[in-house]
$ cat query_4.cif   # mmCIF, C-alpha atoms
data_run
#
loop_
_atom_site.label_atom_id
_atom_site.label_comp_id
_atom_site.auth_asym_id
_atom_site.auth_seq_id
_atom_site.Cartn_x
_atom_site.Cartn_y
_atom_site.Cartn_z
CA MET A 1 -112.72 -4.37 127.48
CA ALA A 2 -110.69 -6.17 124.82
CA GLU A 3 -107.75 -4.31 123.35
CA LEU A 4 -108.59 -2.31 120.23
CA ARG A 5 -106.33 -3.97 117.69
CA PHE A 6 -105.51 -3.08 114.07
CA ASP A 7 -104.15 -6.44 112.93
CA ASP A 8 -104.46 -6.85 109.15
CA ARG A 9 -105.49 -3.19 108.86
CA ALA A 10 -103.71 -0.39 107.02
CA VAL A 11 -103.67 3.23 108.17
CA ILE A 12 -102.24 6.39 106.64
CA VAL A 13 -100.90 8.97 109.09
CA THR A 14 -99.86 12.29 107.57
CA GLY A 15 -97.40 14.52 109.37
CA ALA A 16 -96.16 11.33 111.00
CA GLY A 17 -92.46 12.20 111.02
CA ARG A 18 -92.57 14.26 114.20
CA GLY A 19 -94.73 15.45 117.06
CA VAL A 20 -98.33 14.35 117.43
CA GLY A 21 -98.41 12.51 114.09
CA ARG A 22 -95.37 10.44 115.01
CA CYS A 23 -97.08 9.35 118.24
CA HIS A 24 -100.20 8.36 116.30
CA ALA A 25 -98.11 6.24 113.93
CA LEU A 26 -96.19 4.53 116.74
CA LEU A 27 -99.33 3.62 118.69
CA LEU A 28 -101.23 2.36 115.65
CA ALA A 29 -98.24 0.22 114.62
CA ALA A 30 -97.96 -1.14 118.16
CA LYS A 31 -101.61 -2.16 117.86
CA GLY A 32 -100.85 -4.14 114.71
CA ALA A 33 -101.60 -1.69 111.91
CA GLY A 34 -99.58 -1.39 108.77
CA VAL A 35 -98.77 2.31 108.74
CA VAL A 36 -97.92 4.68 105.92
CA VAL A 37 -95.71 7.29 107.57
CA ALA A 38 -96.40 10.28 105.33
CA ASP A 39 -94.23 13.34 105.91
CA ASN A 40 -92.25 15.56 103.55
CA GLY A 41 -90.08 16.80 106.41
CA ALA A 42 -90.88 20.48 105.97
CA ASN A 43 -89.91 23.13 108.48
CA ILE A 44 -92.50 24.50 110.90
CA ASP A 45 -93.54 27.22 108.45
CA GLY A 46 -93.82 24.75 105.57
CA ALA A 47 -90.51 25.58 103.87
CA GLY A 48 -87.96 22.95 102.85
CA THR A 49 -88.17 19.16 102.72
CA SER A 50 -86.36 16.22 104.28
CA GLN A 51 -86.83 12.46 104.03
CA SER A 52 -85.26 11.82 107.43
CA PRO A 53 -88.28 12.35 109.73
CA ALA A 54 -90.49 9.82 107.93
CA ASP A 55 -87.65 7.35 107.41
CA ASP A 56 -86.63 7.54 111.07
CA VAL A 57 -90.16 6.73 112.25
CA VAL A 58 -90.41 3.81 109.83
CA CYS A 59 -87.14 2.43 111.22
CA GLU A 60 -88.43 2.89 114.75
CA ILE A 61 -91.56 0.90 113.92
CA THR A 62 -89.92 -1.87 111.91
CA ASP A 63 -87.07 -2.28 114.39
CA GLY A 64 -89.74 -2.99 116.97
CA GLY A 65 -91.35 -5.66 114.79
CA GLY A 66 -94.06 -3.50 113.31
CA ARG A 67 -95.08 -2.78 109.71
CA ALA A 68 -94.53 0.63 108.15
CA VAL A 69 -93.52 2.34 104.92
CA ALA A 70 -92.58 5.94 104.28
CA CYS A 71 -93.97 8.39 101.77
CA HIS A 72 -92.31 11.78 101.35
CA ALA A 73 -94.96 13.43 99.18
CA SER A 74 -96.60 16.71 100.16
CA VAL A 75 -100.23 16.63 101.25
CA ALA A 76 -100.63 20.14 99.84
CA ASP A 77 -100.16 18.74 96.33
CA GLU A 78 -103.06 16.76 94.86
CA GLY A 79 -100.67 14.41 93.09
CA GLY A 80 -98.72 13.97 96.30
CA ALA A 81 -101.89 13.02 98.14
CA ARG A 82 -102.63 10.35 95.54
CA GLU A 83 -99.07 9.08 95.94
CA ILE A 84 -99.64 8.68 99.70
CA VAL A 85 -102.77 6.60 99.10
CA ASP A 86 -101.10 4.60 96.33
CA THR A 87 -98.28 3.81 98.74
CA ALA A 88 -100.77 2.27 101.17
CA MET A 89 -102.39 0.16 98.47
CA ALA A 90 -99.03 -1.01 97.08
CA ALA A 91 -97.59 -1.88 100.48
CA PHE A 92 -100.62 -3.34 102.22
CA GLY A 93 -103.22 -3.98 99.51
CA ARG A 94 -105.90 -2.13 101.45
CA LEU A 95 -106.76 1.05 103.29
CA ASP A 96 -108.87 1.14 106.43
CA ALA A 97 -108.27 4.53 108.00
CA VAL A 98 -106.71 7.92 107.33
CA VAL A 99 -105.35 10.12 110.11
CA ASN A 100 -104.78 13.62 108.76
CA SER A 101 -102.20 15.15 111.09
CA ALA A 102 -99.94 17.17 108.79
CA GLY A 103 -99.69 20.83 109.69
CA ILE A 104 -97.54 23.94 109.85
CA SER A 105 -97.43 27.04 112.03
CA ASP A 106 -96.60 30.63 111.14
CA PRO A 107 -98.20 32.91 113.76
CA GLY A 108 -98.49 36.64 113.40
CA LEU A 109 -100.78 39.58 114.04
CA PHE A 110 -103.66 39.82 111.57
CA GLU A 111 -102.47 43.19 110.28
CA ASP A 112 -98.98 41.81 109.63
CA LEU A 113 -99.85 38.48 107.97
CA THR A 114 -99.76 38.40 104.19
CA VAL A 115 -102.38 36.79 102.00
CA ASP A 116 -99.75 34.25 100.96
CA GLN A 117 -99.34 33.24 104.61
CA PHE A 118 -103.09 32.64 104.87
CA ARG A 119 -103.00 30.64 101.64
CA ARG A 120 -100.12 28.50 102.89
CA MET A 121 -102.10 27.59 106.01
CA LEU A 122 -105.09 26.62 103.88
CA ASP A 123 -102.89 24.67 101.47
CA VAL A 124 -101.46 22.42 104.19
CA HIS A 125 -104.21 22.17 106.80
CA TYR A 126 -107.38 22.35 104.74
CA LEU A 127 -106.41 21.33 101.21
CA GLY A 128 -103.93 18.79 102.58
CA THR A 129 -106.75 17.15 104.54
CA LEU A 130 -109.08 17.42 101.56
CA PHE A 131 -106.63 15.99 99.00
CA VAL A 132 -105.61 12.95 101.06
CA THR A 133 -109.17 12.18 102.11
CA ARG A 134 -110.42 12.65 98.55
CA ALA A 135 -107.77 10.25 97.23
CA ALA A 136 -108.67 7.69 99.90
CA TRP A 137 -112.45 8.07 99.60
CA PRO A 138 -113.02 5.73 96.58
CA HIS A 139 -111.13 2.93 98.34
CA LEU A 140 -113.16 3.39 101.51
CA MET A 141 -116.42 3.54 99.54
CA HIS A 142 -115.51 0.36 97.65
CA ALA A 143 -114.80 -1.41 100.95
CA GLY A 144 -118.05 -0.14 102.45
CA TYR A 145 -116.13 0.82 105.54
CA GLY A 146 -113.53 3.28 106.74
CA ARG A 147 -112.47 5.84 109.29
CA VAL A 148 -111.15 9.36 108.72
CA VAL A 149 -109.58 11.22 111.63
CA ASN A 150 -108.86 14.88 110.98
CA THR A 151 -106.91 17.29 113.16
CA VAL A 152 -108.45 20.56 114.26
CA SER A 153 -107.46 22.92 117.05
CA GLU A 154 -109.04 24.93 119.82
CA ALA A 155 -107.51 27.88 117.94
CA MET A 156 -110.47 27.64 115.55
CA LEU A 157 -112.65 28.85 118.44
CA GLY A 158 -110.54 31.96 119.02
CA GLY A 159 -109.09 33.14 122.30
CA LEU A 160 -105.42 33.07 121.35
CA SER A 161 -103.64 35.96 119.67
CA GLU A 162 -101.66 35.74 116.41
CA LEU A 163 -103.46 32.60 115.22
CA SER A 164 -105.99 34.02 112.77
CA SER A 165 -104.46 32.22 109.77
CA TYR A 166 -103.94 28.93 111.62
CA GLY A 167 -107.29 29.02 113.42
CA ALA A 168 -109.18 29.86 110.24
CA ALA A 169 -107.58 26.93 108.40
CA LYS A 170 -108.48 24.59 111.24
CA GLY A 171 -112.02 25.95 111.18
CA ALA A 172 -112.21 24.91 107.53
CA VAL A 173 -111.10 21.40 108.52
CA PHE A 174 -113.87 21.33 111.13
CA GLY A 175 -116.47 22.24 108.50
CA LEU A 176 -115.12 19.56 106.17
CA THR A 177 -115.24 17.00 108.97
CA ARG A 178 -118.88 17.67 109.79
CA ASN A 179 -120.03 17.60 106.19
CA LEU A 180 -118.06 14.49 105.23
CA ALA A 181 -119.49 12.74 108.27
CA THR A 182 -122.96 13.35 106.87
CA GLU A 183 -122.03 12.04 103.42
CA GLY A 184 -119.90 9.14 104.63
CA SER A 185 -122.57 7.50 106.77
CA ARG A 186 -124.28 5.78 103.87
CA HIS A 187 -120.97 4.22 102.83
CA GLY A 188 -120.04 2.97 106.30
CA ILE A 189 -117.40 5.70 106.59
CA ARG A 190 -117.17 7.71 109.80
CA VAL A 191 -115.36 11.01 109.97
CA ASN A 192 -114.25 12.64 113.20
CA ALA A 193 -111.49 14.92 114.45
CA ILE A 194 -109.18 15.44 117.37
CA ALA A 195 -108.06 18.75 118.85
CA PRO A 196 -104.66 17.94 120.38
CA ARG A 197 -103.27 19.62 123.46
CA ALA A 198 -99.57 18.94 123.13
CA TYR A 199 -96.25 20.68 123.48
CA THR A 200 -94.35 20.19 120.23
CA ARG A 201 -91.99 22.16 118.02
CA MET A 202 -95.06 23.71 116.39
CA SER A 203 -96.55 24.97 119.65
CA ALA A 204 -93.29 26.02 121.32
CA GLU A 205 -93.25 29.59 119.99
CA GLN A 206 -96.89 30.21 120.92
CA SER A 207 -96.29 28.69 124.35
CA ASP A 208 -93.51 31.18 124.99
CA LYS A 209 -95.77 34.08 123.96
CA VAL A 210 -98.58 32.89 126.25
CA ALA A 211 -96.12 32.67 129.12
CA ALA A 212 -94.99 36.24 128.50
CA GLN A 213 -98.55 37.57 128.19
CA MET A 214 -99.61 35.88 131.43
CA SER A 215 -96.35 36.69 133.24
CA LEU A 216 -95.75 33.02 134.00
CA SER A 217 -92.36 32.04 135.38
CA ALA A 218 -90.04 29.90 133.32
CA ASP A 219 -90.27 27.10 135.88
CA LEU A 220 -94.07 27.09 135.83
CA MET A 221 -94.19 27.14 132.04
CA GLU A 222 -91.74 24.25 131.91
CA GLN A 223 -94.04 22.26 134.21
CA ILE A 224 -97.05 23.04 132.03
CA ASN A 225 -95.21 22.03 128.86
CA ALA A 226 -93.99 18.83 130.51
CA SER A 227 -97.62 17.91 131.24
CA MET A 228 -98.44 18.01 127.51
CA PRO A 229 -96.39 15.27 125.80
CA PRO A 230 -97.80 14.48 122.33
CA ASP A 231 -98.14 10.75 123.03
CA LEU A 232 -101.11 11.51 125.31
CA CYS A 233 -103.08 12.53 122.22
CA ALA A 234 -102.57 9.26 120.36
CA PRO A 235 -105.17 7.08 122.16
CA ALA A 236 -108.00 9.36 121.00
CA ALA A 237 -106.79 9.14 117.41
CA ALA A 238 -106.48 5.36 117.68
CA TYR A 239 -110.04 5.02 119.00
CA LEU A 240 -111.48 7.24 116.26
CA ALA A 241 -109.55 5.24 113.63
CA HIS A 242 -110.80 1.88 114.94
CA GLU A 243 -113.64 0.00 113.27
CA SER A 244 -115.52 -0.17 116.60
CA CYS A 245 -115.75 3.62 116.83
CA SER A 246 -119.42 4.64 116.91
CA LEU A 247 -118.89 8.40 116.73
CA ASN A 248 -119.44 10.43 113.59
CA GLY A 249 -118.87 14.13 113.04
CA GLU A 250 -117.42 14.63 116.52
CA VAL A 251 -114.36 16.44 117.84
CA LEU A 252 -112.42 15.03 120.78
CA GLN A 253 -110.09 17.35 122.66
CA ALA A 254 -107.17 15.16 123.70
CA GLY A 255 -104.05 15.63 125.80
CA MET A 256 -102.77 16.11 129.34
CA GLY A 257 -104.51 12.90 130.38
CA VAL A 258 -107.96 14.24 129.45
CA VAL A 259 -110.34 13.48 126.59
CA ALA A 260 -113.38 15.73 126.18
CA ARG A 261 -116.01 16.51 123.58
CA ILE A 262 -115.97 19.82 121.72
CA ALA A 263 -119.41 20.60 120.32
CA VAL A 264 -121.33 23.44 118.72
CA LEU A 265 -124.34 24.50 120.79
CA CYS A 266 -127.50 26.29 119.72
CA SER A 267 -129.53 28.17 122.35
CA ASN A 268 -133.31 28.06 122.52
CA GLY A 269 -133.24 31.67 121.42
CA PHE A 270 -136.06 34.14 121.02
CA ALA A 271 -138.92 33.73 118.56
CA LYS A 272 -141.39 36.28 117.22
CA GLN A 273 -143.14 36.97 113.93
CA GLY A 274 -141.72 40.02 112.21
CA ILE A 275 -138.70 40.21 114.50
CA THR A 276 -136.85 43.53 114.52
CA ALA A 277 -133.35 44.63 115.41
CA GLU A 278 -134.85 46.26 118.50
CA ASP A 279 -136.45 42.94 119.52
CA ILE A 280 -133.02 41.33 119.36
CA ALA A 281 -131.52 44.08 121.52
CA ASP A 282 -134.34 43.75 124.08
CA ASN A 283 -134.08 39.94 124.27
CA LEU A 284 -130.33 39.50 123.97
CA GLU A 285 -130.01 37.80 127.35
CA LYS A 286 -132.48 35.11 126.32
CA ILE A 287 -130.84 34.70 122.92
CA MET A 288 -127.41 34.28 124.47
CA SER A 289 -128.46 31.98 127.33
CA LEU A 290 -127.15 28.42 127.06
CA GLU A 291 -129.70 27.04 129.51
CA GLU A 292 -131.25 24.00 127.81
CA ALA A 293 -129.05 24.60 124.79
CA ARG A 294 -128.85 21.72 122.31
CA VAL A 295 -125.92 20.26 120.43
CA SER A 296 -126.03 20.95 116.71
CA ASP A 297 -126.87 17.51 115.36
CA ALA A 298 -126.13 17.14 111.67
CA VAL A 299 -124.85 13.57 111.61
CA ALA A 300 -125.68 10.10 112.89
CA PRO A 301 -125.33 7.51 114.33
CA ARG A 302 -124.00 8.17 117.82
CA LEU A 303 -123.82 6.23 121.07
#
$ encode --input "query_4.cif" --output "structure tokens"
Amino acid sequence: MAELRFDDRAVIVTGAGRGVGRCHALLLAAKGAGVVVADNGANIDGAGTSQSPADDVVCEITDGGGRAVACHASVADEGGAREIVDTAMAAFGRLDAVVNSAGISDPGLFEDLTVDQFRRMLDVHYLGTLFVTRAAWPHLMHAGYGRVVNTVSEAMLGGLSELSSYGAAKGAVFGLTRNLATEGSRHGIRVNAIAPRAYTRMSAEQSDKVAAQMSLSADLMEQINASMPPDLCAPAAAYLAHESCSLNGEVLQAGMGVVARIAVLCSNGFAKQGITAEDIADNLEKIMSLEEARVSDAVAPRL
């Protein structure tokens, strides 16, 4: 298959100063894209700002012969999101794809987290994705083409402790992704998401807690973390951002050398007129069975 190139294309990558977002930006630039490296340089919990992360990535790209510009605006601010999109239009005169990768982490037990901590997660993950995509949407509609790649997490499915605020915010991004995919189809816009599996500064604290909970040795945990470099997530983002991508409304789990589909399933269930609570109790096994389950299909087209 021919290389998936981005020559003469412009892509915004938020959260591109470090971690997974940085790897997305580097790969897209290597494939010929003009990249807006958007990052306000905040700490893991969202506090503080710094221009250095975005500027350093831009230097890394341009020193290698690529095209990139920095934007230090916050995705959590609606005006900042417009500034990010305006930067793309001013630098490259077009916008072909948006990769929403900006995020923060502030884990804690549900009973200990404050409402403000929940709001901060929503501000960055959900509203940050919404604001940037909303600012980009008119340009993509006018072009009759575009790709939006959001970032979700397996945390939205549960299973990990102390991630109720983070997982809930990522669940909101998933819902936005599915609904925008439905609306974007008629404009030639496709909206998908990746769920990265990567060891970064954001995941380091949670990784240590998992190791302690599972009584994993330091050596074993180091091996596991070493198998999860963030650059292994970038190919999935690059595919979803490419004009040849045929998927819409999908989530690709990416990392550790594996790409897989994450989908919502609906069982065949149990049907009866005038169903009662007792009927549900009596037929729970059938209701819960995933035999012949179907994927929830709200968007098209697909392969």
$ residues_around --input "query_4.cif" --residues "Ile287 (chain A)" --least-positions-apart "2" --cutoff "12 Å" --atoms "all atoms listed in the file" --output "list of chain:residue names"
A:Cys266, A:Ser267, A:Asn268, A:Gly269, A:Phe270, A:Ala271, A:Asp279, A:Ile280, A:Ala281, A:Asp282, A:Asn283, A:Leu284, A:Glu285, A:Ser289, A:Leu290, A:Glu291, A:Glu292, A:Ala293
$ closest_residue --input "query_4.cif" --among "A:Glu60, A:Asp7, A:Asp86, A:Glu250" --to "Thr182 (chain A)" --atoms "all atoms listed in the file"
A:Glu250
$ residues_around --input "query_4.cif" --residues "Ser161 (chain A)" --least-positions-apart "2" --cutoff "9 Å" --atoms "all atoms listed in the file" --output "list of chain:residue names"
A:Pro107, A:Gly108, A:Leu109, A:Phe110, A:Gly158, A:Gly159, A:Leu163, A:Ser164, A:Gln206, A:Val210
$ closest_residue --input "query_4.cif" --among "A:Ala135, A:Leu252, A:Val259, A:Ala29" --to "Leu232 (chain A)" --atoms "all atoms listed in the file"
A:Val259
$ resolve_selection --input "query_4.cif" --expression "the PyMOL selection byres ((chain A and resi 178) around 9)" --output "PyMOL selection string"
chain A and resi 173-177+179-182+191-192+248-250+298-299
$ residues_around --input "query_4.cif" --residues "region 87-100 of chain A" --least-positions-apart "6" --cutoff "10 Å" --atoms "all atoms listed in the file" --output "PyMOL selection string"
chain A and resi 6+8-16+21+24-25+33-38+67-71+75+81+125-126+128-130+132-133+136-137+139-140+143+145-152+189-194+237-238+240-243
$ closest_residue --input "query_4.cif" --among "A:Leu157, A:Ala102, A:Ala236, A:Leu247" --to "Ser185 (chain A)" --atoms "only C-alpha atoms"
A:Leu247
$ atom_distance --input "query_4.cif" --atom1 "CA of Ala234 (chain A)" --atom2 "CA of Leu27 (chain A)"
6.7 Å
$ residues_near_point --input "query_4.cif" --point "(-105.5, 28.3, 104.5)" --cutoff "12 Å" --atoms "only C-alpha atoms" --output "ChimeraX atom specification"
/A:76,103-106,114-130,163-173
$ resolve_selection --input "query_4.cif" --expression "the PyMOL selection byres ((chain A and resi 256) around 6)" --output "count of residues only"
5
$ closest_residue --input "query_4.cif" --among "A:Arg197, A:Arg134, A:Pro53, A:Asp39" --to "Glu78 (chain A)" --atoms "only C-alpha atoms"
A:Arg134
$ atom_distance --input "query_4.cif" --atom1 "CA of Asn43 (chain A)" --atom2 "CA of Met202 (chain A)"
9.5 Å
$ resolve_selection --input "query_4.cif" --expression "the PyMOL selection byres ((chain A and resi 49) around 10)" --output "count of residues only"
15
$ axis_aligned_box --input "query_4.cif" --around "region 173-184 of chain A" --padding-each-side "5 Å" --output "JSON"
{"center_x": -117.0, "center_y": 15.7, "center_z": 107.3, "size_x": 21.9, "size_y": 23.1, "size_z": 17.7}
$ atom_distance --input "query_4.cif" --atom1 "CA of Ala195 (chain A)" --atom2 "CA of Gly66 (chain A)"
26.9 Å
$ residues_near_point --input "query_4.cif" --point "(-122.8, 24.0, 118.1)" --cutoff "7 Å" --atoms "all atoms listed in the file" --output "PyMOL selection string"
chain A and resi 263-266+295-296
$ write_last_selection --input "query_4.cif" --atoms "C-alpha atoms" --output "short mmCIF file (atom, residue, chain, number, x, y, z; two decimals), keeping the file's coordinate frame"
data_model
loop_
_atom_site.label_atom_id
_atom_site.label_comp_id
_atom_site.auth_asym_id
_atom_site.auth_seq_id
_atom_site.Cartn_x
_atom_site.Cartn_y
_atom_site.Cartn_z
CA ALA A 263 -119.41 20.60 120.32
CA VAL A 264 -121.33 23.44 118.72
CA LEU A 265 -124.34 24.50 120.79
CA CYS A 266 -127.50 26.29 119.72
CA VAL A 295 -125.92 20.26 120.43
CA SER A 296 -126.03 20.95 116.71
#
